[in-house]
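*Asks:* Pasting input27.cif here (mmCIF, N, CA and C atoms):
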data_input
loop_
_atom_site.label_atom_id
_atom_site.label_comp_id
_atom_site.auth_asym_id
_atom_site.auth_seq_id
_atom_site.Cartn_x
_atom_site.Cartn_y
_atom_site.Cartn_z
N MET Z 1 -62.00 -88.76 -196.85
CA MET Z 1 -61.60 -88.79 -195.47
C MET Z 1 -62.83 -88.83 -194.56
N ARG Z 2 -63.83 -87.98 -194.86
CA ARG Z 2 -65.04 -87.96 -194.05
C ARG Z 2 -65.81 -89.26 -194.19
N ARG Z 3 -65.81 -89.81 -195.40
CA ARG Z 3 -66.54 -91.05 -195.63
C ARG Z 3 -65.94 -92.19 -194.80
N SER Z 4 -64.60 -92.32 -194.75
CA SER Z 4 -63.98 -93.40 -193.98
C SER Z 4 -64.23 -93.20 -192.48
N PHE Z 5 -64.26 -91.95 -192.00
CA PHE Z 5 -64.57 -91.70 -190.60
C PHE Z 5 -66.00 -92.15 -190.28
N ALA Z 6 -66.93 -91.85 -191.18
CA ALA Z 6 -68.32 -92.24 -190.98
C ALA Z 6 -68.46 -93.76 -190.96
N VAL Z 7 -67.72 -94.44 -191.82
CA VAL Z 7 -67.77 -95.90 -191.86
C VAL Z 7 -67.23 -96.47 -190.54
N PHE Z 8 -66.09 -95.97 -190.06
CA PHE Z 8 -65.52 -96.45 -188.80
C PHE Z 8 -66.43 -96.14 -187.62
N ALA Z 9 -67.05 -94.99 -187.61
CA ALA Z 9 -67.98 -94.63 -186.53
C ALA Z 9 -69.18 -95.57 -186.55
N ALA Z 10 -69.71 -95.88 -187.71
CA ALA Z 10 -70.85 -96.79 -187.82
C ALA Z 10 -70.47 -98.19 -187.36
N LEU Z 11 -69.28 -98.66 -187.75
CA LEU Z 11 -68.82 -99.98 -187.32
C LEU Z 11 -68.63 -100.03 -185.80
N GLY Z 12 -68.08 -98.96 -185.22
CA GLY Z 12 -67.90 -98.90 -183.77
C GLY Z 12 -69.23 -98.94 -183.05
N LEU Z 13 -70.23 -98.21 -183.54
CA LEU Z 13 -71.55 -98.21 -182.93
C LEU Z 13 -72.19 -99.59 -183.03
N MET Z 14 -72.03 -100.26 -184.16
CA MET Z 14 -72.57 -101.61 -184.32
C MET Z 14 -71.91 -102.57 -183.34
N ALA Z 15 -70.61 -102.43 -183.14
CA ALA Z 15 -69.91 -103.32 -182.22
C ALA Z 15 -70.40 -103.13 -180.79
N VAL Z 16 -70.59 -101.89 -180.37
CA VAL Z 16 -71.06 -101.61 -179.01
C VAL Z 16 -72.47 -102.14 -178.83
N LEU Z 17 -73.34 -101.95 -179.80
CA LEU Z 17 -74.71 -102.41 -179.68
C LEU Z 17 -74.82 -103.92 -179.74
N SER Z 18 -73.85 -104.60 -180.33
CA SER Z 18 -73.93 -106.06 -180.44
C SER Z 18 -73.30 -106.77 -179.26
N LEU Z 19 -72.64 -106.08 -178.33
CA LEU Z 19 -71.99 -106.74 -177.20
C LEU Z 19 -72.95 -107.62 -176.40
N PRO Z 20 -74.15 -107.14 -176.01
CA PRO Z 20 -75.03 -108.03 -175.26
C PRO Z 20 -75.42 -109.27 -176.05
N ALA Z 21 -75.59 -109.15 -177.34
CA ALA Z 21 -75.97 -110.30 -178.17
C ALA Z 21 -74.84 -111.31 -178.25
N LEU Z 22 -73.61 -110.86 -178.11
CA LEU Z 22 -72.47 -111.75 -178.16
C LEU Z 22 -72.18 -112.39 -176.80
N GLY Z 23 -72.97 -112.06 -175.78
CA GLY Z 23 -72.77 -112.62 -174.46
C GLY Z 23 -71.73 -111.89 -173.64
N MET Z 24 -71.28 -110.74 -174.08
CA MET Z 24 -70.28 -109.99 -173.35
C MET Z 24 -70.99 -109.01 -172.42
N PRO Z 25 -70.62 -108.99 -171.14
CA PRO Z 25 -71.30 -108.09 -170.21
C PRO Z 25 -70.99 -106.64 -170.52
N VAL Z 26 -72.00 -105.81 -170.44
CA VAL Z 26 -71.81 -104.39 -170.66
C VAL Z 26 -71.69 -103.68 -169.32
N ALA Z 27 -72.43 -104.11 -168.31
CA ALA Z 27 -72.38 -103.50 -167.00
C ALA Z 27 -71.69 -104.45 -166.02
N ALA Z 28 -71.16 -103.88 -164.93
CA ALA Z 28 -70.51 -104.68 -163.90
C ALA Z 28 -71.54 -105.53 -163.17
N ARG Z 29 -71.12 -106.66 -162.67
CA ARG Z 29 -72.01 -107.55 -161.92
C ARG Z 29 -72.08 -107.10 -160.46
N ASP Z 30 -73.21 -107.35 -159.82
CA ASP Z 30 -73.34 -107.08 -158.40
C ASP Z 30 -72.54 -108.13 -157.63
N PRO Z 31 -71.86 -107.71 -156.55
CA PRO Z 31 -70.97 -108.65 -155.87
C PRO Z 31 -71.69 -109.59 -154.91
N LEU Z 32 -71.16 -110.80 -154.82
CA LEU Z 32 -71.50 -111.75 -153.77
C LEU Z 32 -70.30 -111.82 -152.85
N GLU Z 33 -70.54 -112.06 -151.57
CA GLU Z 33 -69.44 -112.21 -150.62
C GLU Z 33 -69.22 -113.70 -150.35
N ILE Z 34 -67.96 -114.12 -150.36
CA ILE Z 34 -67.61 -115.50 -150.08
C ILE Z 34 -66.67 -115.50 -148.88
N LYS Z 35 -67.07 -116.22 -147.84
CA LYS Z 35 -66.27 -116.30 -146.62
C LYS Z 35 -65.80 -117.73 -146.43
N LEU Z 36 -64.48 -117.91 -146.23
CA LEU Z 36 -63.94 -119.23 -145.97
C LEU Z 36 -64.36 -119.70 -144.58
N LEU Z 37 -64.72 -120.97 -144.47
CA LEU Z 37 -65.08 -121.56 -143.19
C LEU Z 37 -64.02 -122.58 -142.78
N SER Z 38 -64.05 -122.98 -141.53
CA SER Z 38 -63.12 -123.96 -140.99
C SER Z 38 -63.28 -125.28 -141.76
N PRO Z 39 -62.25 -126.03 -142.00
CA PRO Z 39 -60.88 -125.86 -141.54
C PRO Z 39 -60.01 -125.01 -142.46
N LEU Z 40 -60.47 -124.69 -143.66
CA LEU Z 40 -59.66 -123.93 -144.61
C LEU Z 40 -59.36 -122.52 -144.11
N ALA Z 41 -60.28 -121.93 -143.36
CA ALA Z 41 -60.08 -120.57 -142.87
C ALA Z 41 -58.92 -120.48 -141.88
N ASN Z 42 -58.55 -121.60 -141.28
CA ASN Z 42 -57.53 -121.58 -140.23
C ASN Z 42 -56.19 -122.20 -140.63
N ARG Z 43 -56.08 -122.69 -141.85
CA ARG Z 43 -54.86 -123.40 -142.25
C ARG Z 43 -54.43 -123.02 -143.66
N SER Z 44 -53.12 -123.05 -143.88
CA SER Z 44 -52.60 -122.84 -145.23
C SER Z 44 -51.65 -123.97 -145.62
N GLU Z 45 -51.41 -124.93 -144.72
CA GLU Z 45 -50.54 -126.08 -144.99
C GLU Z 45 -51.32 -127.37 -144.78
N TRP Z 46 -51.17 -128.31 -145.75
CA TRP Z 46 -51.86 -129.59 -145.69
C TRP Z 46 -50.89 -130.67 -146.15
N TYR Z 47 -51.17 -131.90 -145.81
CA TYR Z 47 -50.37 -133.02 -146.30
C TYR Z 47 -50.74 -133.30 -147.75
N GLY Z 48 -49.73 -133.54 -148.57
CA GLY Z 48 -49.97 -133.92 -149.95
C GLY Z 48 -50.74 -135.22 -150.02
N GLY Z 49 -51.71 -135.30 -150.89
CA GLY Z 49 -52.53 -136.49 -151.02
C GLY Z 49 -53.78 -136.46 -150.15
N ALA Z 50 -53.86 -135.49 -149.25
CA ALA Z 50 -55.03 -135.38 -148.37
C ALA Z 50 -56.23 -134.87 -149.14
N VAL Z 51 -57.41 -135.13 -148.60
CA VAL Z 51 -58.64 -134.54 -149.12
C VAL Z 51 -58.96 -133.34 -148.23
N ILE Z 52 -59.05 -132.17 -148.84
CA ILE Z 52 -59.31 -130.94 -148.09
C ILE Z 52 -60.78 -130.57 -148.22
N PRO Z 53 -61.50 -130.48 -147.10
CA PRO Z 53 -62.90 -130.03 -147.18
C PRO Z 53 -62.95 -128.51 -147.32
N LEU Z 54 -63.23 -128.05 -148.53
CA LEU Z 54 -63.37 -126.62 -148.77
C LEU Z 54 -64.81 -126.25 -148.42
N ARG Z 55 -64.98 -125.38 -147.44
CA ARG Z 55 -66.33 -124.94 -147.05
C ARG Z 55 -66.36 -123.43 -147.08
N VAL Z 56 -67.42 -122.88 -147.70
CA VAL Z 56 -67.58 -121.43 -147.78
C VAL Z 56 -69.02 -121.05 -147.47
N ASN Z 57 -69.18 -119.79 -147.08
CA ASN Z 57 -70.51 -119.21 -146.90
C ASN Z 57 -70.65 -118.13 -147.96
N VAL Z 58 -71.67 -118.24 -148.81
CA VAL Z 58 -71.90 -117.27 -149.88
C VAL Z 58 -73.11 -116.42 -149.49
N THR Z 59 -72.92 -115.10 -149.48
CA THR Z 59 -74.01 -114.19 -149.14
C THR Z 59 -74.06 -113.04 -150.13
N ASP Z 60 -75.21 -112.40 -150.17
CA ASP Z 60 -75.41 -111.23 -151.02
C ASP Z 60 -75.55 -110.01 -150.11
N PRO Z 61 -74.62 -109.06 -150.16
CA PRO Z 61 -74.69 -107.91 -149.27
C PRO Z 61 -75.94 -107.06 -149.47
N ASP Z 62 -76.64 -107.21 -150.60
CA ASP Z 62 -77.87 -106.45 -150.84
C ASP Z 62 -78.99 -106.86 -149.88
N PHE Z 63 -78.87 -108.06 -149.28
CA PHE Z 63 -79.94 -108.56 -148.43
C PHE Z 63 -79.63 -108.48 -146.95
N GLY Z 64 -78.44 -108.06 -146.58
CA GLY Z 64 -78.09 -107.78 -145.20
C GLY Z 64 -78.21 -108.93 -144.22
N SER Z 65 -79.14 -109.83 -144.40
CA SER Z 65 -79.36 -110.90 -143.44
C SER Z 65 -78.36 -112.04 -143.61
N GLY Z 66 -77.48 -111.95 -144.59
CA GLY Z 66 -76.48 -112.98 -144.78
C GLY Z 66 -76.92 -114.13 -145.65
N ASP Z 67 -77.98 -113.92 -146.44
CA ASP Z 67 -78.40 -114.99 -147.34
C ASP Z 67 -78.40 -114.48 -148.77
N LEU Z 68 -78.91 -115.29 -149.68
CA LEU Z 68 -78.94 -114.90 -151.08
C LEU Z 68 -80.23 -114.22 -151.48
N GLY Z 69 -81.14 -113.99 -150.54
CA GLY Z 69 -82.38 -113.27 -150.85
C GLY Z 69 -83.58 -114.18 -150.95
N GLU Z 70 -84.70 -113.69 -150.52
CA GLU Z 70 -85.97 -114.43 -150.51
C GLU Z 70 -86.34 -114.87 -151.93
N GLY Z 71 -86.65 -116.14 -152.09
CA GLY Z 71 -87.12 -116.64 -153.38
C GLY Z 71 -86.02 -116.91 -154.39
N ARG Z 72 -84.79 -116.57 -154.09
CA ARG Z 72 -83.70 -116.78 -155.04
C ARG Z 72 -83.12 -118.17 -154.81
N GLU Z 73 -82.89 -118.88 -155.88
CA GLU Z 73 -82.25 -120.18 -155.76
C GLU Z 73 -80.79 -119.96 -155.38
N GLY Z 74 -80.14 -121.03 -154.97
CA GLY Z 74 -78.74 -120.94 -154.57
C GLY Z 74 -77.83 -120.52 -155.71
N ALA Z 75 -76.60 -120.31 -155.35
CA ALA Z 75 -75.59 -119.90 -156.33
C ALA Z 75 -74.96 -121.14 -156.98
N ASN Z 76 -74.37 -120.94 -158.14
CA ASN Z 76 -73.54 -121.95 -158.77
C ASN Z 76 -72.12 -121.64 -158.32
N VAL Z 77 -71.53 -122.52 -157.52
CA VAL Z 77 -70.21 -122.26 -156.95
C VAL Z 77 -69.25 -123.32 -157.47
N THR Z 78 -68.17 -122.87 -158.11
CA THR Z 78 -67.20 -123.78 -158.70
C THR Z 78 -65.82 -123.56 -158.09
N VAL Z 79 -64.98 -124.61 -158.18
CA VAL Z 79 -63.63 -124.58 -157.63
C VAL Z 79 -62.63 -124.82 -158.76
N TRP Z 80 -61.60 -123.97 -158.78
CA TRP Z 80 -60.55 -124.07 -159.79
C TRP Z 80 -59.21 -124.13 -159.06
N VAL Z 81 -58.32 -125.03 -159.51
CA VAL Z 81 -57.00 -125.15 -158.92
C VAL Z 81 -55.97 -124.97 -160.02
N ASN Z 82 -55.09 -124.01 -159.82
CA ASN Z 82 -54.06 -123.69 -160.82
C ASN Z 82 -54.68 -123.50 -162.20
N ALA Z 83 -55.81 -122.77 -162.24
CA ALA Z 83 -56.53 -122.40 -163.46
C ALA Z 83 -57.17 -123.59 -164.19
N GLN Z 84 -57.33 -124.72 -163.50
CA GLN Z 84 -57.98 -125.90 -164.06
C GLN Z 84 -59.14 -126.30 -163.16
N PRO Z 85 -60.17 -126.96 -163.70
CA PRO Z 85 -61.26 -127.43 -162.84
C PRO Z 85 -60.72 -128.37 -161.76
N ALA Z 86 -61.16 -128.16 -160.52
CA ALA Z 86 -60.71 -128.99 -159.40
C ALA Z 86 -61.30 -130.39 -159.50
N THR Z 87 -60.66 -131.34 -158.82
CA THR Z 87 -61.13 -132.71 -158.76
C THR Z 87 -61.58 -132.99 -157.34
N GLY Z 88 -62.82 -133.45 -157.20
CA GLY Z 88 -63.36 -133.71 -155.88
C GLY Z 88 -63.68 -135.17 -155.66
N THR Z 89 -64.15 -135.46 -154.45
CA THR Z 89 -64.54 -136.82 -154.10
C THR Z 89 -65.95 -136.80 -153.52
N GLY Z 90 -66.57 -137.96 -153.48
CA GLY Z 90 -67.83 -138.13 -152.78
C GLY Z 90 -68.97 -137.29 -153.30
N LEU Z 91 -69.35 -136.28 -152.55
CA LEU Z 91 -70.56 -135.51 -152.83
C LEU Z 91 -70.44 -134.55 -154.01
N ASN Z 92 -69.29 -134.43 -154.62
CA ASN Z 92 -69.08 -133.44 -155.67
C ASN Z 92 -69.18 -134.02 -157.07
N MET Z 93 -69.79 -133.23 -157.96
CA MET Z 93 -69.87 -133.56 -159.37
C MET Z 93 -69.02 -132.54 -160.12
N GLY Z 94 -68.03 -133.00 -160.84
CA GLY Z 94 -67.14 -132.08 -161.54
C GLY Z 94 -66.44 -131.18 -160.55
N ASN Z 95 -66.40 -129.89 -160.85
CA ASN Z 95 -65.76 -128.93 -159.94
C ASN Z 95 -66.80 -128.05 -159.26
N VAL Z 96 -68.04 -128.53 -159.17
CA VAL Z 96 -69.14 -127.76 -158.57
C VAL Z 96 -69.26 -128.07 -157.09
N MET Z 97 -69.32 -127.02 -156.26
CA MET Z 97 -69.49 -127.20 -154.82
C MET Z 97 -70.93 -127.61 -154.52
N LYS Z 98 -71.09 -128.46 -153.52
CA LYS Z 98 -72.42 -128.94 -153.10
C LYS Z 98 -73.07 -127.89 -152.22
N ASP Z 99 -74.34 -127.57 -152.53
CA ASP Z 99 -75.13 -126.63 -151.73
C ASP Z 99 -75.62 -127.37 -150.50
N MET Z 100 -75.12 -126.99 -149.32
CA MET Z 100 -75.48 -127.64 -148.07
C MET Z 100 -76.65 -126.93 -147.39
N GLY Z 101 -77.14 -125.84 -147.99
CA GLY Z 101 -78.25 -125.07 -147.42
C GLY Z 101 -77.74 -123.91 -146.57
N GLY Z 102 -78.55 -122.89 -146.45
CA GLY Z 102 -78.19 -121.73 -145.63
C GLY Z 102 -77.00 -120.95 -146.14
N GLY Z 103 -76.72 -121.02 -147.43
CA GLY Z 103 -75.59 -120.28 -148.00
C GLY Z 103 -74.26 -120.99 -147.83
N ILE Z 104 -74.25 -122.22 -147.29
CA ILE Z 104 -73.02 -122.99 -147.08
C ILE Z 104 -72.83 -123.93 -148.27
N TYR Z 105 -71.59 -123.94 -148.80
CA TYR Z 105 -71.23 -124.80 -149.92
C TYR Z 105 -69.97 -125.57 -149.54
N GLN Z 106 -69.87 -126.83 -150.00
CA GLN Z 106 -68.71 -127.65 -149.67
C GLN Z 106 -68.20 -128.39 -150.89
N PHE Z 107 -66.88 -128.55 -150.91
CA PHE Z 107 -66.20 -129.30 -151.96
C PHE Z 107 -65.07 -130.07 -151.31
N ASN Z 108 -65.00 -131.38 -151.52
CA ASN Z 108 -63.92 -132.20 -150.98
C ASN Z 108 -62.82 -132.30 -152.03
N LEU Z 109 -61.80 -131.46 -151.89
CA LEU Z 109 -60.73 -131.35 -152.87
C LEU Z 109 -59.70 -132.47 -152.72
N LYS Z 110 -59.50 -133.22 -153.81
CA LYS Z 110 -58.43 -134.23 -153.85
C LYS Z 110 -57.12 -133.52 -154.17
N THR Z 111 -56.12 -133.68 -153.30
CA THR Z 111 -54.84 -133.01 -153.55
C THR Z 111 -53.79 -133.94 -154.16
N LYS Z 112 -54.14 -135.20 -154.33
CA LYS Z 112 -53.17 -136.17 -154.87
C LYS Z 112 -52.59 -135.74 -156.22
N PRO Z 113 -53.37 -135.10 -157.12
CA PRO Z 113 -52.79 -134.74 -158.43
C PRO Z 113 -51.78 -133.58 -158.38
N TYR Z 114 -51.61 -132.92 -157.24
CA TYR Z 114 -50.78 -131.71 -157.19
C TYR Z 114 -49.44 -131.99 -156.50
N PRO Z 115 -48.38 -131.27 -156.91
CA PRO Z 115 -47.06 -131.49 -156.31
C PRO Z 115 -47.06 -131.14 -154.83
N ALA Z 116 -46.33 -131.96 -154.06
CA ALA Z 116 -46.25 -131.75 -152.62
C ALA Z 116 -44.81 -131.90 -152.16
N GLY Z 117 -44.52 -131.36 -150.99
CA GLY Z 117 -43.21 -131.51 -150.38
C GLY Z 117 -42.46 -130.20 -150.32
N PRO Z 118 -41.31 -130.23 -149.64
CA PRO Z 118 -40.50 -129.01 -149.49
C PRO Z 118 -40.08 -128.45 -150.85
N GLY Z 119 -40.17 -127.16 -150.99
CA GLY Z 119 -39.75 -126.49 -152.22
C GLY Z 119 -40.77 -126.44 -153.33
N THR Z 120 -41.92 -127.09 -153.17
CA THR Z 120 -42.94 -127.04 -154.22
C THR Z 120 -43.74 -125.75 -154.11
N GLU Z 121 -44.23 -125.32 -155.23
CA GLU Z 121 -45.08 -124.13 -155.27
C GLU Z 121 -46.43 -124.43 -154.61
N PRO Z 122 -47.01 -123.45 -153.93
CA PRO Z 122 -48.35 -123.68 -153.38
C PRO Z 122 -49.37 -123.82 -154.51
N ILE Z 123 -50.47 -124.52 -154.21
CA ILE Z 123 -51.53 -124.60 -155.20
C ILE Z 123 -52.41 -123.36 -155.04
N HIS Z 124 -52.92 -122.88 -156.15
CA HIS Z 124 -53.72 -121.66 -156.21
C HIS Z 124 -55.17 -122.07 -156.42
N ILE Z 125 -56.00 -121.86 -155.39
CA ILE Z 125 -57.41 -122.22 -155.44
C ILE Z 125 -58.24 -120.97 -155.65
N VAL Z 126 -59.16 -121.02 -156.60
CA VAL Z 126 -60.10 -119.92 -156.84
C VAL Z 126 -61.50 -120.51 -156.73
N ILE Z 127 -62.32 -119.89 -155.89
CA ILE Z 127 -63.72 -120.30 -155.73
C ILE Z 127 -64.57 -119.19 -156.31
N ILE Z 128 -65.43 -119.53 -157.26
CA ILE Z 128 -66.27 -118.56 -157.96
C ILE Z 128 -67.74 -118.89 -157.71
N ALA Z 129 -68.51 -117.88 -157.30
CA ALA Z 129 -69.94 -118.05 -157.08
C ALA Z 129 -70.69 -117.13 -158.03
N GLU Z 130 -71.76 -117.65 -158.65
CA GLU Z 130 -72.59 -116.87 -159.56
C GLU Z 130 -74.06 -117.24 -159.34
N THR Z 131 -74.92 -116.24 -159.44
CA THR Z 131 -76.36 -116.50 -159.38
C THR Z 131 -76.95 -116.21 -160.75
N GLY Z 132 -78.17 -116.66 -160.97
CA GLY Z 132 -78.83 -116.47 -162.25
C GLY Z 132 -79.20 -115.03 -162.55
N ASP Z 133 -79.18 -114.16 -161.53
CA ASP Z 133 -79.55 -112.77 -161.77
C ASP Z 133 -78.33 -111.83 -161.78
N ASP Z 134 -77.22 -112.34 -162.30
CA ASP Z 134 -76.04 -111.55 -162.57
C ASP Z 134 -75.32 -111.03 -161.32
N HIS Z 135 -75.33 -111.80 -160.25
CA HIS Z 135 -74.51 -111.51 -159.08
C HIS Z 135 -73.36 -112.51 -159.09
N ALA Z 136 -72.17 -112.07 -158.72
CA ALA Z 136 -71.00 -112.96 -158.75
C ALA Z 136 -69.97 -112.52 -157.72
N GLY Z 137 -69.12 -113.45 -157.35
CA GLY Z 137 -68.00 -113.16 -156.45
C GLY Z 137 -66.97 -114.26 -156.56
N GLU Z 138 -65.77 -113.96 -156.09
CA GLU Z 138 -64.73 -114.97 -156.08
C GLU Z 138 -63.77 -114.70 -154.94
N ILE Z 139 -63.09 -115.77 -154.53
CA ILE Z 139 -62.08 -115.68 -153.48
C ILE Z 139 -60.92 -116.57 -153.89
N GLU Z 140 -59.70 -116.14 -153.57
CA GLU Z 140 -58.50 -116.90 -153.92
C GLU Z 140 -57.78 -117.33 -152.66
N VAL Z 141 -57.20 -118.54 -152.69
CA VAL Z 141 -56.50 -119.10 -151.55
C VAL Z 141 -55.24 -119.81 -152.06
N LEU Z 142 -54.13 -119.63 -151.36
CA LEU Z 142 -52.92 -120.38 -151.65
C LEU Z 142 -52.71 -121.40 -150.54
N ILE Z 143 -52.44 -122.65 -150.92
CA ILE Z 143 -52.22 -123.73 -149.96
C ILE Z 143 -50.94 -124.46 -150.33
N HIS Z 144 -50.09 -124.66 -149.34
CA HIS Z 144 -48.87 -125.43 -149.56
C HIS Z 144 -49.11 -126.87 -149.12
N LEU Z 145 -48.72 -127.81 -149.97
CA LEU Z 145 -48.86 -129.24 -149.66
C LEU Z 145 -47.51 -129.78 -149.22
N ASN Z 146 -47.44 -130.30 -147.99
CA ASN Z 146 -46.21 -130.89 -147.46
C ASN Z 146 -46.08 -132.35 -147.85
#
Show me this structure written as structure tokens.
*Replies:*
Amino acid sequence: MRRSFAVFAALGLMAVLSLPALGMPVAARDPLEIKLLSPLANRSEWYGGAVIPLRVNVTDPDFGSGDLGEGREGANVTVWVNAQPATGTGLNMGNVMKDMGGGIYQFNLKTKPYPAGPGTEPIHIVIIAETGDDHAGEIEVLIHLN
């Protein structure tokens, strides 16, 4: 009985010590703040098939001045719609938002692939921002397409 307990305890300790090596976070990430900008900040209804300019301001509260900190490169900001990578137009590659400078990021969301009209479910947009030094944040938005 004691031997099996010792074996389980050793296996548990090995699992905990191996978490960082497996890429699993052990500590919580520091938060980034994401603020919706116009026109998305002022609307929740759009025409189906329209291109919606998603614009956000990403800041790190640790720096107070509203930026990501001196010497830090911008964040990697991605857009997900209904748990799938978003589809953009023009300035966007994949589902990555374009860094416009000053903490502003933009993504031109194509809504043509999503159901529109009366009685349809709203689309669920999630914007996720991450920096290389383990800071992250996300914001969720529901939009109904008419």
*Asks:* Do a neighbour search on Ile125 of chain Z at 8 Å with only C-alpha atoms, toss out local chain neighbours closer than 3 positions, and write the hits as a compact mmCIF listing (two decimals) with N, CA and C atoms, in the frame of the given file.
*Replies:*
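To be explicit, this is the file written out as result_8.txt:
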# COMPACT_ATOMS: atom_id res chain seq x y z
N VAL Z 79 -64.98 -124.61 -158.18
CA VAL Z 79 -63.63 -124.58 -157.63
C VAL Z 79 -62.63 -124.82 -158.76
N TRP Z 80 -61.60 -123.97 -158.78
CA TRP Z 80 -60.55 -124.07 -159.79
C TRP Z 80 -59.21 -124.13 -159.06
N VAL Z 81 -58.32 -125.03 -159.51
CA VAL Z 81 -57.00 -125.15 -158.92
C VAL Z 81 -55.97 -124.97 -160.02
N ASN Z 82 -55.09 -124.01 -159.82
CA ASN Z 82 -54.06 -123.69 -160.82
C ASN Z 82 -54.68 -123.50 -162.20
N GLU Z 140 -59.70 -116.14 -153.57
CA GLU Z 140 -58.50 -116.90 -153.92
C GLU Z 140 -57.78 -117.33 -152.66
N VAL Z 141 -57.20 -118.54 -152.69
CA VAL Z 141 -56.50 -119.10 -151.55
C VAL Z 141 -55.24 -119.81 -152.06
N LEU Z 142 -54.13 -119.63 -151.36
CA LEU Z 142 -52.92 -120.38 -151.65
C LEU Z 142 -52.71 -121.40 -150.54
N ILE Z 143 -52.44 -122.65 -150.92
CA ILE Z 143 -52.22 -123.73 -149.96
C ILE Z 143 -50.94 -124.46 -150.33
*Asks:* Hey, what's within 6.5 Å of segment 102-116 of chain Z if we count all atoms listed in the file and toss same-chain stuff fewer than 6 positions away? As a list in words, please?
*Replies:* Gly48, Gly49, Ala50, Val51, Ile52, Pro53, Leu54, Arg55, Val56, Asn57, Val58, Thr59, Asp67, Leu68, Thr87, Gly88, Thr89, Asn92, Val96, Leu145 and Asn146 of chain Z
*Asks:* Just the number, please: distance in Å from atom CA of Glu45 of chain Z to atom CA of His124 of chain Z, one decimal.
*Replies:*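 These atoms are spaced 12.5 Å apart.
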*Asks:* Atom C of Pro122 of chain Z and atom C of Ser44 of chain Z are how many Å apart?
*Replies:*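 Atom C of Ser44 of chain Z lies at a distance of 9.2 Å from atom C of Pro122 of chain Z.
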*Asks:* Would you list the residues near (-65.3, -111.6, -156.3), meaning any protein, DNA or RNA residue with an atom at most 10 Å from that point in file coordinates, counting only C-alpha atoms, as a list of chain:residue names?
*Replies:*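 The residues that fall inside the cut-off are Z:Arg29, Z:Asp30, Z:Pro31, Z:Leu32, Z:Glu33, Z:Ile34, Z:Val126, Z:Ile127, Z:Ile128, Z:Ala129, Z:Glu130, Z:His135, Z:Ala136, Z:Gly137, Z:Glu138, Z:Ile139, Z:Glu140.
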*Asks:* Output N, CA and C atoms for every residue in the selection just made, as an mmCIF file, in the frame of the given file.
*Replies:*
data_model
loop_
_atom_site.group_PDB
_atom_site.id
_atom_site.type_symbol
_atom_site.label_atom_id
_atom_site.label_comp_id
_atom_site.auth_asym_id
_atom_site.auth_seq_id
_atom_site.Cartn_x
_atom_site.Cartn_y
_atom_site.Cartn_z
ATOM 1 N N ARG Z 29 -71.120 -106.660 -162.670
ATOM 2 C CA ARG Z 29 -72.010 -107.550 -161.920
ATOM 3 C C ARG Z 29 -72.080 -107.100 -160.460
ATOM 4 N N ASP Z 30 -73.210 -107.350 -159.820
ATOM 5 C CA ASP Z 30 -73.340 -107.080 -158.400
ATOM 6 C C ASP Z 30 -72.540 -108.130 -157.630
ATOM 7 N N PRO Z 31 -71.860 -107.710 -156.550
ATOM 8 C CA PRO Z 31 -70.970 -108.650 -155.870
ATOM 9 C C PRO Z 31 -71.690 -109.590 -154.910
ATOM 10 N N LEU Z 32 -71.160 -110.800 -154.820
ATOM 11 C CA LEU Z 32 -71.500 -111.750 -153.770
ATOM 12 C C LEU Z 32 -70.300 -111.820 -152.850
ATOM 13 N N GLU Z 33 -70.540 -112.060 -151.570
ATOM 14 C CA GLU Z 33 -69.440 -112.210 -150.620
ATOM 15 C C GLU Z 33 -69.220 -113.700 -150.350
ATOM 16 N N ILE Z 34 -67.960 -114.120 -150.360
ATOM 17 C CA ILE Z 34 -67.610 -115.500 -150.080
ATOM 18 C C ILE Z 34 -66.670 -115.500 -148.880
ATOM 19 N N VAL Z 126 -59.160 -121.020 -156.600
ATOM 20 C CA VAL Z 126 -60.100 -119.920 -156.840
ATOM 21 C C VAL Z 126 -61.500 -120.510 -156.730
ATOM 22 N N ILE Z 127 -62.320 -119.890 -155.890
ATOM 23 C CA ILE Z 127 -63.720 -120.300 -155.730
ATOM 24 C C ILE Z 127 -64.570 -119.190 -156.310
ATOM 25 N N ILE Z 128 -65.430 -119.530 -157.260
ATOM 26 C CA ILE Z 128 -66.270 -118.560 -157.960
ATOM 27 C C ILE Z 128 -67.740 -118.890 -157.710
ATOM 28 N N ALA Z 129 -68.510 -117.880 -157.300
ATOM 29 C CA ALA Z 129 -69.940 -118.050 -157.080
ATOM 30 C C ALA Z 129 -70.690 -117.130 -158.030
ATOM 31 N N GLU Z 130 -71.760 -117.650 -158.650
ATOM 32 C CA GLU Z 130 -72.590 -116.870 -159.560
ATOM 33 C C GLU Z 130 -74.060 -117.240 -159.340
ATOM 34 N N HIS Z 135 -75.330 -111.800 -160.250
ATOM 35 C CA HIS Z 135 -74.510 -111.510 -159.080
ATOM 36 C C HIS Z 135 -73.360 -112.510 -159.090
ATOM 37 N N ALA Z 136 -72.170 -112.070 -158.720
ATOM 38 C CA ALA Z 136 -71.000 -112.960 -158.750
ATOM 39 C C ALA Z 136 -69.970 -112.520 -157.720
ATOM 40 N N GLY Z 137 -69.120 -113.450 -157.350
ATOM 41 C CA GLY Z 137 -68.000 -113.160 -156.450
ATOM 42 C C GLY Z 137 -66.970 -114.260 -156.560
ATOM 43 N N GLU Z 138 -65.770 -113.960 -156.090
ATOM 44 C CA GLU Z 138 -64.730 -114.970 -156.080
ATOM 45 C C GLU Z 138 -63.770 -114.700 -154.940
ATOM 46 N N ILE Z 139 -63.090 -115.770 -154.530
ATOM 47 C CA ILE Z 139 -62.080 -115.680 -153.480
ATOM 48 C C ILE Z 139 -60.920 -116.570 -153.890
ATOM 49 N N GLU Z 140 -59.700 -116.140 -153.570
ATOM 50 C CA GLU Z 140 -58.500 -116.900 -153.920
ATOM 51 C C GLU Z 140 -57.780 -117.330 -152.660
#
*Asks:* Would you compute the distance between atom C of Arg43 of chain Z and atom N of Ile123 of chain Z? Give it in Å to one decimal.
*Replies:* 11.4 Å
